[in-house]
Amino acid sequence: MINTIKNIFSLGVFKDNPVFRQILGICSALAVTNLLMNSVFMGLGLIFVTALSSLTVSILRKYTPKHIRMMVQTLIISAYVIIVDIVLKAYFPAMSEALGPYVGLIITNCIIMGRCEVFAQNNPPFTSFIDGVASGSGYALVLLVIAFFRELLGFGSLFGINVLGENWVNWVFMIMPPGAFFMLGVIIWLANTYIPTKDGKAPAAGGGN
Amino acid sequence: MKKFTMKPILFMVVITIVYTAVLAGINAVTEERIALNEQLSEQLSFLYVLNMTPETIEAPTVNRLYQERVEEIQVDGDRLYEAYDEDGNLYAYIVPMVGGALWGELRGIVALAPDFETVLGIDFLSHSETPGLGGRIDEPEFKEQFRGIEIDPEADGDFLTYNPNPGGQVDAISGATGTSNAVRNIFNNTMQEFMSETREELNND
């Protein structure tokens, strides 16, 4: 059991990471990573939604008629997203304002439906839940890495606390969307070079050698 | 041809009802809190433009101060607010402004001294400008510039001018020309309408 969990986490967070391996959830990964705090909340929101939708889809998998399963999944996912949205509005109004429409757009995040369809449909509830947490964490981890560099270079701060001092010249480029593409590209490049794939093959070397 | 069954439809109906009930429950529990949060942030904006932000930002304090200082009035069908100082003298008119900015609707408020010649403060209630660029209109560095700027009530549309144009009062945000210009236009349109129509009505009262 412990090994299964370990294996799921190593796949979800590194070897089969939803962002840098499956290239899913890119839209929000680019949009909310200009500040670390936004990324923390977005990551937590996604872990919550992915884990619970996978759990629910897995519990219902034997009773769900096969040809309407996508409809059911969408319904389940949107219900959890609405819960996240309401909770943010009620208890973290500032964060709700900062994330704006991106909370609602978690519904369209392909990671969640991907996990429901690929994993939760064929696995028992507990492992599905763990798989959701693992994939959500993989997503959150990438967001935090991107946001760390974007906030540090773009605002000279981390979690809103100035760390680079008064004389630091902000890189406006990092706050704008191109900065996010740039960071994401660098991360995918590094991941392809250094993190092994799920088949255990050595990472593919880039370039035409 | 597969045989038609009611099962998928029933399944969908049941699961929809269950989730709707759960969401309605959560909504009912948090509804009041959300409304209070929105009210609090709006009242804080009103106190901010009057430069009367209390030291402790707690709902009861803010609420009481707002009730004491701000009063909604209707002039010629337009909604605006009168604000009073500690002694109950008229301190300012607060005029709501609204208009299209770079990405969407921008709503804000402007506080004017009763002589209509001085802007006491400005704040934005809602907008959808780019975070880190146009979104910086929310930062104190931008909004604080408006405190105490002189405007000419008889001006024709150009109440607010950015530096370094002649007669400039405030700095625009670099890298966010679209948003800065939108703020200026919304401000000028609101003032134009206020000075030419509403002000006469107020004077007649």
# chains A, B, ... in the order shown; residues from 1 in each chain; ligands from 1
call {"tool": "select_by_dssp", "arguments": {"residues": "segment 27-156 of chain B", "states": "alpha helix (DSSP H)", "output": "PyMOL selection string"}}
result
chain B and resi 27-49+59-69+140-143
call {"tool": "write_last_selection", "arguments": {"atoms": "C-alpha atoms", "output": "short mmCIF file (atom, residue, chain, number, x, y, z; two decimals), in the first residue's frame"}}
result
data_model
loop_
_atom_site.label_atom_id
_atom_site.label_comp_id
_atom_site.auth_asym_id
_atom_site.auth_seq_id
_atom_site.Cartn_x
_atom_site.Cartn_y
_atom_site.Cartn_z
CA ASN B 27 -24.45 29.01 -0.15
CA ALA B 28 -27.09 29.65 2.50
CA VAL B 29 -24.53 29.26 5.28
CA THR B 30 -22.01 31.69 3.77
CA GLU B 31 -24.35 34.14 2.01
CA GLU B 32 -24.46 36.61 4.87
CA ARG B 33 -20.72 36.56 5.34
CA ILE B 34 -20.08 37.24 1.67
CA ALA B 35 -22.53 40.16 1.63
CA LEU B 36 -20.83 41.59 4.72
CA ASN B 37 -17.39 41.26 3.12
CA GLU B 38 -18.57 43.15 0.06
CA GLN B 39 -20.23 45.83 2.14
CA LEU B 40 -17.11 46.20 4.30
CA SER B 41 -14.81 46.67 1.32
CA GLU B 42 -17.17 49.24 -0.19
CA GLN B 43 -17.48 51.20 3.06
CA LEU B 44 -13.69 51.13 3.42
CA SER B 45 -13.40 52.69 -0.03
CA PHE B 46 -15.74 55.52 0.98
CA LEU B 47 -13.75 56.20 4.13
CA TYR B 48 -10.52 55.98 2.13
CA VAL B 49 -11.51 58.73 -0.34
CA ALA B 59 -16.45 45.51 10.56
CA PRO B 60 -18.18 47.21 13.55
CA THR B 61 -15.76 50.19 13.61
CA VAL B 62 -15.90 50.71 9.88
CA ASN B 63 -19.65 50.32 9.84
CA ARG B 64 -20.25 52.85 12.61
CA LEU B 65 -17.89 55.41 11.12
CA TYR B 66 -19.52 55.01 7.72
CA GLN B 67 -23.01 55.50 9.18
CA GLU B 68 -21.82 58.60 11.00
CA ARG B 69 -20.03 60.28 8.11
CA PRO B 140 -1.63 53.76 -2.90
CA GLU B 141 1.23 55.27 -4.96
CA PHE B 142 -1.25 55.99 -7.74
CA LYS B 143 -4.37 56.84 -5.74
#
call {"tool": "residues_around", "arguments": {"residues": "Gly138 of chain A", "least_positions_apart": "2", "cutoff": "6 Å", "atoms": "only C-alpha atoms", "output": "PyMOL selection string"}}
result
chain A and resi 12-13+17+135-136+140-141
call {"tool": "interface_residues", "arguments": {"of": "chain A", "to": "chain B", "cutoff": "12 Å", "atoms": "only C-alpha atoms", "output": "VMD selection string"}}
result
chain A and resid 31 to 35 38 56 to 57 60 63 to 94 96 to 101 150 to 151 154 to 155 170 to 177
call {"tool": "write_last_selection", "arguments": {"atoms": "C-alpha atoms", "output": "PDB file, in the first residue's frame"}}
result
ATOM      1  CA  ALA A  31      -2.273  33.371 -15.486  1.00  0.00           C
ATOM      2  CA  VAL A  32      -2.010  33.259 -11.699  1.00  0.00           C
ATOM      3  CA  THR A  33       1.740  32.848 -11.227  1.00  0.00           C
ATOM      4  CA  ASN A  34       2.696  36.515 -10.963  1.00  0.00           C
ATOM      5  CA  LEU A  35       2.474  36.367  -7.150  1.00  0.00           C
ATOM      6  CA  ASN A  38      -2.018  33.555  -5.647  1.00  0.00           C
ATOM      7  CA  THR A  56     -16.414  10.822  -6.065  1.00  0.00           C
ATOM      8  CA  VAL A  57     -16.015   9.600  -9.642  1.00  0.00           C
ATOM      9  CA  LEU A  60     -19.767   6.217  -8.486  1.00  0.00           C
ATOM     10  CA  TYR A  63     -23.122   2.809 -11.047  1.00  0.00           C
ATOM     11  CA  THR A  64     -22.455   5.464 -13.691  1.00  0.00           C
ATOM     12  CA  PRO A  65     -23.767   4.494 -17.135  1.00  0.00           C
ATOM     13  CA  LYS A  66     -20.656   4.502 -19.351  1.00  0.00           C
ATOM     14  CA  HIS A  67     -21.921   6.807 -22.098  1.00  0.00           C
ATOM     15  CA  ILE A  68     -22.897   9.658 -19.781  1.00  0.00           C
ATOM     16  CA  ARG A  69     -19.805   9.454 -17.564  1.00  0.00           C
ATOM     17  CA  MET A  70     -18.304  12.713 -18.893  1.00  0.00           C
ATOM     18  CA  MET A  71     -21.474  14.615 -18.090  1.00  0.00           C
ATOM     19  CA  VAL A  72     -21.391  13.199 -14.579  1.00  0.00           C
ATOM     20  CA  GLN A  73     -17.714  14.087 -14.183  1.00  0.00           C
ATOM     21  CA  THR A  74     -18.291  17.663 -15.293  1.00  0.00           C
ATOM     22  CA  LEU A  75     -21.145  18.024 -12.839  1.00  0.00           C
ATOM     23  CA  ILE A  76     -19.054  16.648  -9.971  1.00  0.00           C
ATOM     24  CA  ILE A  77     -16.058  18.837 -10.829  1.00  0.00           C
ATOM     25  CA  SER A  78     -18.099  22.017 -11.138  1.00  0.00           C
ATOM     26  CA  ALA A  79     -19.799  21.397  -7.799  1.00  0.00           C
ATOM     27  CA  TYR A  80     -16.427  21.233  -6.030  1.00  0.00           C
ATOM     28  CA  VAL A  81     -15.160  24.297  -7.885  1.00  0.00           C
ATOM     29  CA  ILE A  82     -18.218  26.267  -6.776  1.00  0.00           C
ATOM     30  CA  ILE A  83     -17.480  25.212  -3.198  1.00  0.00           C
ATOM     31  CA  VAL A  84     -13.906  26.553  -3.519  1.00  0.00           C
ATOM     32  CA  ASP A  85     -15.243  29.789  -5.000  1.00  0.00           C
ATOM     33  CA  ILE A  86     -17.791  30.298  -2.221  1.00  0.00           C
ATOM     34  CA  VAL A  87     -15.289  29.532   0.537  1.00  0.00           C
ATOM     35  CA  LEU A  88     -12.759  31.983  -0.906  1.00  0.00           C
ATOM     36  CA  LYS A  89     -15.409  34.696  -1.206  1.00  0.00           C
ATOM     37  CA  ALA A  90     -16.593  34.173   2.351  1.00  0.00           C
ATOM     38  CA  TYR A  91     -13.322  33.707   4.216  1.00  0.00           C
ATOM     39  CA  PHE A  92     -10.556  35.086   1.959  1.00  0.00           C
ATOM     40  CA  PRO A  93     -12.191  37.990   0.083  1.00  0.00           C
ATOM     41  CA  ALA A  94      -8.855  39.565  -0.866  1.00  0.00           C
ATOM     42  CA  SER A  96     -10.943  35.816  -4.225  1.00  0.00           C
ATOM     43  CA  GLU A  97     -10.499  39.233  -5.809  1.00  0.00           C
ATOM     44  CA  ALA A  98      -6.884  38.552  -6.770  1.00  0.00           C
ATOM     45  CA  LEU A  99      -7.677  35.232  -8.455  1.00  0.00           C
ATOM     46  CA  GLY A 100     -10.750  36.670 -10.151  1.00  0.00           C
ATOM     47  CA  PRO A 101     -12.215  34.466 -12.874  1.00  0.00           C
ATOM     48  CA  ARG A 150       8.254  35.792 -11.455  1.00  0.00           C
ATOM     49  CA  GLU A 151       7.529  37.535  -8.165  1.00  0.00           C
ATOM     50  CA  GLY A 154       9.178  41.137 -11.310  1.00  0.00           C
ATOM     51  CA  PHE A 155       8.404  42.705  -7.939  1.00  0.00           C
ATOM     52  CA  ASN A 170      11.746  45.293 -11.407  1.00  0.00           C
ATOM     53  CA  TRP A 171      11.636  43.194 -14.552  1.00  0.00           C
ATOM     54  CA  VAL A 172       8.199  44.236 -15.794  1.00  0.00           C
ATOM     55  CA  PHE A 173       8.574  41.533 -18.441  1.00  0.00           C
ATOM     56  CA  MET A 174       8.291  38.806 -15.779  1.00  0.00           C
ATOM     57  CA  ILE A 175       4.908  40.054 -14.558  1.00  0.00           C
ATOM     58  CA  MET A 176       3.436  40.141 -18.035  1.00  0.00           C
ATOM     59  CA  PRO A 177       2.175  36.975 -19.797  1.00  0.00           C
TER      60      PRO A 177
END
call {"tool": "residues_around", "arguments": {"residues": "Arg107 of chain B", "least_positions_apart": "4", "cutoff": "8 Å", "atoms": "only C-alpha atoms", "output": "PDB file with N, CA and C atoms, in the first residue's frame"}}
result
ATOM      1  N   PRO B  96     -20.028  58.798  -7.602  1.00  0.00           N
ATOM      2  CA  PRO B  96     -19.653  57.517  -8.214  1.00  0.00           C
ATOM      3  C   PRO B  96     -19.262  57.719  -9.671  1.00  0.00           C
ATOM      4  N   MET B  97     -18.246  56.997 -10.139  1.00  0.00           N
ATOM      5  CA  MET B  97     -17.917  57.071 -11.570  1.00  0.00           C
ATOM      6  C   MET B  97     -17.882  55.656 -12.134  1.00  0.00           C
ATOM      7  N   VAL B  98     -18.247  55.570 -13.389  1.00  0.00           N
ATOM      8  CA  VAL B  98     -18.279  54.255 -14.021  1.00  0.00           C
ATOM      9  C   VAL B  98     -17.997  54.437 -15.503  1.00  0.00           C
ATOM     10  N   GLY B  99     -17.324  53.464 -16.104  1.00  0.00           N
ATOM     11  CA  GLY B  99     -17.030  53.571 -17.530  1.00  0.00           C
ATOM     12  C   GLY B  99     -16.221  52.376 -17.997  1.00  0.00           C
ATOM     13  N   PHE B 124     -11.055  52.945  -6.477  1.00  0.00           N
ATOM     14  CA  PHE B 124     -11.702  52.099  -7.475  1.00  0.00           C
ATOM     15  C   PHE B 124     -12.375  50.927  -6.775  1.00  0.00           C
ATOM     16  N   LEU B 125     -13.672  50.754  -7.059  1.00  0.00           N
ATOM     17  CA  LEU B 125     -14.422  49.691  -6.387  1.00  0.00           C
ATOM     18  C   LEU B 125     -14.247  48.363  -7.108  1.00  0.00           C
ATOM     19  N   SER B 126     -14.266  48.415  -8.441  1.00  0.00           N
ATOM     20  CA  SER B 126     -14.064  47.164  -9.178  1.00  0.00           C
ATOM     21  C   SER B 126     -13.533  47.484 -10.563  1.00  0.00           C
ATOM     22  N   HIS B 127     -12.681  46.594 -11.074  1.00  0.00           N
ATOM     23  CA  HIS B 127     -12.158  46.746 -12.433  1.00  0.00           C
ATOM     24  C   HIS B 127     -11.577  45.412 -12.822  1.00  0.00           C
TER      25      HIS B 127
END
call {"tool": "atom_distance", "arguments": {"atom1": "atom CA of Trp103 of chain B", "atom2": "atom CA of Leu120 of chain B"}}
result
27.1 Å
call {"tool": "atom_distance", "arguments": {"atom1": "atom CA of Lys15 of chain A", "atom2": "atom CA of Asn122 of chain A"}}
result
20.5 Å
call {"tool": "closest_residue", "arguments": {"among": "B:Ala24, B:Ile137, B:Val95, B:Val119", "to": "Asn189 of chain B", "atoms": "only C-alpha atoms"}}
result
B:Val95
call {"tool": "closest_residue", "arguments": {"among": "B:Gly168, B:Asn51, B:Leu202, B:Glu72", "to": "Ile122 of chain B", "atoms": "only C-alpha atoms"}}
result
B:Asn51
call {"tool": "residues_around", "arguments": {"residues": "Gln192 of chain B", "least_positions_apart": "6", "cutoff": "8 Å", "atoms": "only C-alpha atoms", "output": "mmCIF file with N, CA and C atoms, in the first residue's frame"}}
result
data_model
loop_
_atom_site.group_PDB
_atom_site.id
_atom_site.type_symbol
_atom_site.label_atom_id
_atom_site.label_comp_id
_atom_site.auth_asym_id
_atom_site.auth_seq_id
_atom_site.Cartn_x
_atom_site.Cartn_y
_atom_site.Cartn_z
ATOM 1 N N ASP B 156 -13.775 72.614 -19.518
ATOM 2 C CA ASP B 156 -14.625 71.940 -20.484
ATOM 3 C C ASP B 156 -14.067 70.545 -20.775
ATOM 4 N N GLY B 157 -14.354 69.619 -19.892
ATOM 5 C CA GLY B 157 -13.988 68.223 -20.165
ATOM 6 C C GLY B 157 -12.605 67.804 -19.722
ATOM 7 N N PHE B 159 -10.661 68.044 -16.852
ATOM 8 C CA PHE B 159 -10.463 68.338 -15.435
ATOM 9 C C PHE B 159 -9.136 67.755 -14.967
#
call {"tool": "residues_around", "arguments": {"residues": "Leu11 of chain A", "least_positions_apart": "3", "cutoff": "12 Å", "atoms": "only C-alpha atoms", "output": "JSON, numbers by chain"}}
result
{"A": [4, 5, 6, 7, 8, 14, 15, 16, 17, 18, 21, 22, 130, 131, 132, 133, 134, 135, 136, 137, 138, 195, 196, 197, 198, 199, 200]}
call {"tool": "write_last_selection", "arguments": {"atoms": "C-alpha atoms", "output": "PDB file, in the first residue's frame"}}
result
ATOM      1  CA  THR A   4       1.486   2.191  -4.266  1.00  0.00           C
ATOM      2  CA  ILE A   5       1.094   5.622  -2.672  1.00  0.00           C
ATOM      3  CA  LYS A   6       4.778   6.406  -3.189  1.00  0.00           C
ATOM      4  CA  ASN A   7       4.549   5.322  -6.791  1.00  0.00           C
ATOM      5  CA  ILE A   8       1.443   7.466  -7.408  1.00  0.00           C
ATOM      6  CA  PHE A  14       7.658  14.231 -11.169  1.00  0.00           C
ATOM      7  CA  LYS A  15       7.685  11.521 -13.803  1.00  0.00           C
ATOM      8  CA  ASP A  16       4.210  12.189 -15.177  1.00  0.00           C
ATOM      9  CA  ASN A  17       3.736  15.722 -13.866  1.00  0.00           C
ATOM     10  CA  PRO A  18       0.539  17.191 -15.331  1.00  0.00           C
ATOM     11  CA  ARG A  21       5.015  16.263 -18.850  1.00  0.00           C
ATOM     12  CA  GLN A  22       1.372  16.173 -19.903  1.00  0.00           C
ATOM     13  CA  ILE A 130      -4.339   9.851  -3.498  1.00  0.00           C
ATOM     14  CA  ASP A 131      -3.842  10.168  -7.242  1.00  0.00           C
ATOM     15  CA  GLY A 132      -5.859  13.405  -7.226  1.00  0.00           C
ATOM     16  CA  VAL A 133      -3.762  14.803  -4.382  1.00  0.00           C
ATOM     17  CA  ALA A 134      -0.559  13.788  -6.180  1.00  0.00           C
ATOM     18  CA  SER A 135      -1.506  15.343  -9.515  1.00  0.00           C
ATOM     19  CA  GLY A 136      -2.779  18.482  -7.785  1.00  0.00           C
ATOM     20  CA  SER A 137       0.507  18.711  -5.880  1.00  0.00           C
ATOM     21  CA  GLY A 138       2.479  18.301  -9.090  1.00  0.00           C
ATOM     22  CA  ILE A 195      13.706  14.206 -14.720  1.00  0.00           C
ATOM     23  CA  PRO A 196      13.310  10.611 -15.945  1.00  0.00           C
ATOM     24  CA  THR A 197      10.093   9.659 -17.759  1.00  0.00           C
ATOM     25  CA  LYS A 198       7.603   7.162 -16.385  1.00  0.00           C
ATOM     26  CA  ASP A 199       8.912   4.296 -18.536  1.00  0.00           C
ATOM     27  CA  GLY A 200      12.172   4.625 -16.665  1.00  0.00           C
TER      28      GLY A 200
END
